[in-house]
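*Asks:* Take this structure first; my questions come after.
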Amino acid sequence: MSVRHLLQLRDITQEEIAHLFKRSVVIKDRFKRYERYHPLADRTLVMIFEKASTRTRLSFEAGMQQLGGLAIYLNTRDSQLGRGEPVEDAAQVISRMCDVVMIRTFEQDIIERFAQQSRVPVINGLTNEYHPCQILADIFTFIEHRGSIRGRTVAWIGDSNNVCNTWLQAAEILDFKVHVSTPPGYEVEPERAGLVGTDHFEQFADPHDACQGADLVTTDVWTSMGFEAENEERRKAFENWCVDAPMMQRAKRDALFMHCLPAHRGEEVAAEVMDGPQSVVWDEAENRLHVQKALLEYLVLGRID
C-alpha cells in the first residue's frame with residue numbers, strides 16, 4: 001500500500017472509517033481479554049509534540065507498545081525543530097528512522113509540509129484546524145452505545161474550534177447532521193473547516209435550540225491552546241454556552257453527552273451533566289486508545305480482515 005497520511009478526517013473514506021471501527025472492536029476485545037496482539041513488533045512510532053498533551057500522548061504511546069512496537073517522544077523544545085530546523089529537513093531524517101509519525105502542533109501547514117517530505121505515514125494528533133483522532137474515537141463511542149450515526153443529529157455547543165471542524169467533516173463523510181451554536185463572532189468558517197457544502201450543518205444563535213432533538217450533545221473548552229490571551233474575553237462571550245441540565249432536556253431522552261477533555265466543570269459544562277448518567281466521557285477517552293491502535297495498524301500494515 002502506498003504511504004497514507006491522516007492529516008484531516010477527509011483524508012479517509014467512509015469505507016475506511018468503517019474498517020477502522022471494525023478493527024477497533026476486535027482490538028479492544030483482545031485488550032479486555034488480556035490477549036497479546038503484536039502486529040507492529042519491531043516497528044517504531046515517533047511522536048512529535050509542540051502542544052501539551054495527556055490523552056494523545058498516553059493513548060499513542062501505550063497503544064504502540066500494546067501492538068508490540070516502540071514509541072519515541074520528541075518535544076520541539078528539546079529537539080532541533082525548536083531551534084529553527086526546517087520542517088522539511090526534519091521530515092526527511094525522521095521518516096528514514098521510523099515507521100510512522102504522529103504530530104501534535106499548531107498550524108495545519110506544519111504537518112502538511114512534514115507529510116510532503118515523509119517516507120512514512122503521518123498522523124495529525126491535533127492542530128489548530130483539525131483533530132481527526134478525537135472524532136474517530138467519539139463516533140466509535142457513539143456507535144458502541146447507540147448504533148449507527150447515519151441520519152443522527154449532533155449538537156455542538158461552544159467554540160467552532162478544531163474539534164468542531166472535524167465533527168463537520170465527519171457529518172459530510174458519514175451522512176449525519178451537526179447543529180452548531182456559538183457566541184457571535186465565533187461562528188463556523190466553512191472554508192477553514194474544509195467543508196464541501198453546508199447541507200450537513202446548521203447554525204443556531206440559541207444553544208438550547210441547537211440541542212433540540214439531538215442524539216448527542218458535545219462541547220469543548222472555551223479557550224483552546226494557543227488562545228490563552230483571549231481567556232477573559234472568551235469567558236464573558238461564552239457565559240450562556242454552558243451545557244447544563246436544561247440544554248440536555250431539549251435533546252432526546254436517550255441523548256449522550258461527550259467532551260474531549262480536559263473539562264472545566266461550571267464553565268463549558270455543568271458538573272451535573274459531566275458526571276451524570278448521559279455522560280460517556282470516560283468511554284470516549286478510553287476509546288482513543290483502541291481506535292488509534294486500529295489506525296496505526298492500518299496505516300503501517302494496510303488492511304487486515
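Within each chain, counting starts at residue 1; across the C-alpha cells, chains are named A, B, ... in the order shown, with ligands numbered 1 upward in that order.
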Would you kindly return, as an MDAnalysis selection string, each protein, DNA or RNA residue with an atom no farther than 6 Å from any atom of region 234-245 of chain A, considering only C-alpha atoms and excluding same-chain residues fewer than 5 positions away?
*Replies:* chainID A and resid 158 267:270
*Asks:* Kindly save the residues from that selection, with N, CA and C atoms included, as a PDB file, in the first residue's frame.
*Replies:*
```
ATOM      1  N   GLY A 158     -20.565  25.768  21.788  1.00  0.00           N
ATOM      2  CA  GLY A 158     -19.322  26.424  22.198  1.00  0.00           C
ATOM      3  C   GLY A 158     -18.526  26.956  21.035  1.00  0.00           C
ATOM      4  N   GLU A 267     -17.920  25.782  33.671  1.00  0.00           N
ATOM      5  CA  GLU A 267     -17.692  26.676  32.536  1.00  0.00           C
ATOM      6  C   GLU A 267     -18.430  26.118  31.321  1.00  0.00           C
ATOM      7  N   GLU A 268     -17.756  25.328  30.487  1.00  0.00           N
ATOM      8  CA  GLU A 268     -18.416  24.831  29.270  1.00  0.00           C
ATOM      9  C   GLU A 268     -19.407  23.712  29.544  1.00  0.00           C
ATOM     10  N   VAL A 269     -19.336  23.099  30.738  1.00  0.00           N
ATOM     11  CA  VAL A 269     -20.280  22.039  31.092  1.00  0.00           C
ATOM     12  C   VAL A 269     -20.542  22.072  32.589  1.00  0.00           C
ATOM     13  N   ALA A 270     -21.814  21.850  32.956  1.00  0.00           N
ATOM     14  CA  ALA A 270     -22.177  21.761  34.366  1.00  0.00           C
ATOM     15  C   ALA A 270     -21.758  20.401  34.918  1.00  0.00           C
TER      16      ALA A 270
END
```
*Asks:* If you run DSSP on this backbone, which residues of region 83-126 of chain A come out as strand (DSSP E), and could you give them as a PDB file with C-alpha atoms, in the first residue's frame?
*Replies:*
```
ATOM      1  CA  VAL A 100       5.026   6.115  11.428  1.00  0.00           C
ATOM      2  CA  VAL A 101       4.932   9.668  12.817  1.00  0.00           C
ATOM      3  CA  MET A 102       2.317  11.409  14.957  1.00  0.00           C
ATOM      4  CA  ILE A 103       2.485  15.205  15.255  1.00  0.00           C
ATOM      5  CA  ARG A 104       0.638  17.499  17.672  1.00  0.00           C
ATOM      6  CA  VAL A 122       1.930  10.920   9.299  1.00  0.00           C
ATOM      7  CA  ILE A 123      -0.962  11.246  11.755  1.00  0.00           C
ATOM      8  CA  ASN A 124      -2.476  14.501  12.965  1.00  0.00           C
ATOM      9  CA  GLY A 125      -2.548  14.319  16.765  1.00  0.00           C
ATOM     10  CA  LEU A 126      -4.124  17.806  16.855  1.00  0.00           C
TER      11      LEU A 126
END
```
*Asks:* Write out as a PDB file with C-alpha atoms, in the first residue's frame the residues lying within 12 Å of Pro277 (chain A), counting only C-alpha atoms and excluding same-chain residues fewer than 2 positions away.
*Replies:*
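Below is the file out_11.pdb, written as the result:
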```
ATOM      1  CA  ALA A 245     -29.454  20.091  32.514  1.00  0.00           C
ATOM      2  CA  MET A 248     -29.801  18.262  27.811  1.00  0.00           C
ATOM      3  CA  ARG A 253     -34.334  11.405  26.212  1.00  0.00           C
ATOM      4  CA  ASP A 254     -31.562   8.929  25.427  1.00  0.00           C
ATOM      5  CA  ALA A 255     -29.100  11.566  24.157  1.00  0.00           C
ATOM      6  CA  LEU A 256     -25.461  11.146  25.098  1.00  0.00           C
ATOM      7  CA  PHE A 257     -23.048  13.817  26.319  1.00  0.00           C
ATOM      8  CA  MET A 258     -19.400  13.924  25.229  1.00  0.00           C
ATOM      9  CA  ALA A 271     -20.963  19.126  36.823  1.00  0.00           C
ATOM     10  CA  GLU A 272     -24.430  17.525  36.808  1.00  0.00           C
ATOM     11  CA  VAL A 273     -24.037  16.830  33.084  1.00  0.00           C
ATOM     12  CA  MET A 274     -20.361  15.936  33.072  1.00  0.00           C
ATOM     13  CA  ASP A 275     -20.857  13.405  35.865  1.00  0.00           C
ATOM     14  CA  SER A 279     -22.232  11.293  30.017  1.00  0.00           C
ATOM     15  CA  VAL A 280     -19.925   8.828  28.261  1.00  0.00           C
ATOM     16  CA  VAL A 281     -16.766  10.926  28.552  1.00  0.00           C
ATOM     17  CA  TRP A 282     -14.696   8.152  30.164  1.00  0.00           C
TER      18      TRP A 282
END
```
*Asks:* Could you please write out, as a CSV table (one decimal) with C-alpha atoms, in the first residue's frame, every residue of region 19-168 of chain A that DSSP assigns to helix (DSSP H, G or I)?
*Replies:*
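The result, stored in out-v8.csv:
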```
chain,number,residue,atom,x,y,z
A,19,HIS,CA,-12.9,-0.7,8.5
A,20,LEU,CA,-11.2,1.1,11.3
A,21,PHE,CA,-14.2,0.7,13.6
A,22,LYS,CA,-14.4,-3.0,12.8
A,23,ARG,CA,-10.8,-3.4,13.7
A,24,SER,CA,-11.3,-1.3,16.8
A,25,VAL,CA,-13.9,-3.7,18.1
A,26,VAL,CA,-11.5,-6.7,17.6
A,27,ILE,CA,-8.5,-4.9,19.1
A,28,LYS,CA,-10.5,-3.6,22.1
A,29,ASP,CA,-11.9,-7.1,22.7
A,30,ARG,CA,-8.3,-8.5,22.7
A,31,PHE,CA,-7.2,-5.8,25.1
A,32,LYS,CA,-10.1,-6.5,27.5
A,55,ARG,CA,-4.6,11.7,26.4
A,56,THR,CA,-2.9,12.0,23.0
A,57,ARG,CA,0.5,11.1,24.3
A,58,LEU,CA,-0.7,8.3,26.6
A,59,SER,CA,-3.1,6.7,24.0
A,60,PHE,CA,-0.5,6.7,21.2
A,61,GLU,CA,2.4,5.6,23.4
A,62,ALA,CA,0.6,2.9,25.2
A,63,GLY,CA,-1.2,1.8,22.0
A,64,MET,CA,2.0,1.4,20.1
A,65,GLN,CA,3.6,-0.6,22.9
A,66,GLN,CA,0.5,-2.8,23.2
A,76,THR,CA,10.1,20.5,19.8
A,77,ARG,CA,11.6,22.4,22.8
A,78,ASP,CA,14.2,19.6,23.2
A,80,GLN,CA,16.4,20.8,16.6
A,81,LEU,CA,12.9,21.6,15.4
A,82,GLY,CA,12.7,24.1,18.3
A,83,ARG,CA,16.0,25.7,17.1
A,87,VAL,CA,10.2,21.1,8.9
A,88,GLU,CA,11.0,19.6,5.6
A,89,ASP,CA,14.5,18.7,6.6
A,90,ALA,CA,13.3,17.1,9.9
A,91,ALA,CA,10.8,15.1,7.9
A,92,GLN,CA,13.4,13.7,5.6
A,93,VAL,CA,15.5,12.5,8.5
A,94,ILE,CA,12.9,11.3,11.0
A,108,GLN,CA,-2.1,22.7,9.9
A,109,ASP,CA,0.5,23.9,7.4
A,110,ILE,CA,3.3,22.5,9.6
A,111,ILE,CA,2.0,18.9,9.5
A,112,GLU,CA,1.2,19.2,5.8
A,113,ARG,CA,4.7,20.3,5.0
A,114,PHE,CA,6.1,17.5,7.1
A,115,ALA,CA,3.9,14.9,5.3
A,116,GLN,CA,5.0,16.1,1.9
A,132,PRO,CA,-9.3,13.7,13.5
A,133,CYS,CA,-8.3,11.1,16.0
A,134,GLN,CA,-10.6,12.6,18.6
A,135,ILE,CA,-13.6,12.5,16.4
A,136,LEU,CA,-12.9,8.9,15.2
A,137,ALA,CA,-13.0,7.9,18.9
A,138,ASP,CA,-16.1,9.9,19.6
A,139,ILE,CA,-18.0,8.4,16.7
A,140,PHE,CA,-16.9,4.9,17.7
A,141,THR,CA,-18.1,5.6,21.2
A,142,PHE,CA,-21.5,6.7,19.9
A,143,ILE,CA,-21.8,3.6,17.8
A,144,GLU,CA,-21.0,1.4,20.8
A,145,HIS,CA,-23.8,3.0,22.8
A,146,ARG,CA,-26.4,3.9,20.2
A,162,ASN,CA,-10.6,22.2,15.6
A,163,VAL,CA,-12.9,19.6,17.2
A,164,CYS,CA,-16.0,21.3,15.8
A,165,ASN,CA,-14.4,21.5,12.4
A,166,THR,CA,-13.7,17.8,12.4
A,167,TRP,CA,-17.2,16.9,13.5
A,168,LEU,CA,-18.4,18.9,10.5
```
*Asks:* Please identify all polymer residues within 12 Å of Glu189 (chain A), counting only C-alpha atoms, omitting same-chain residues fewer than 2 positions from it, and present them as a ChimeraX atom specification.
*Replies:* /A:129,159-162,164-165,168,180,182,185-187,191-198,201,203
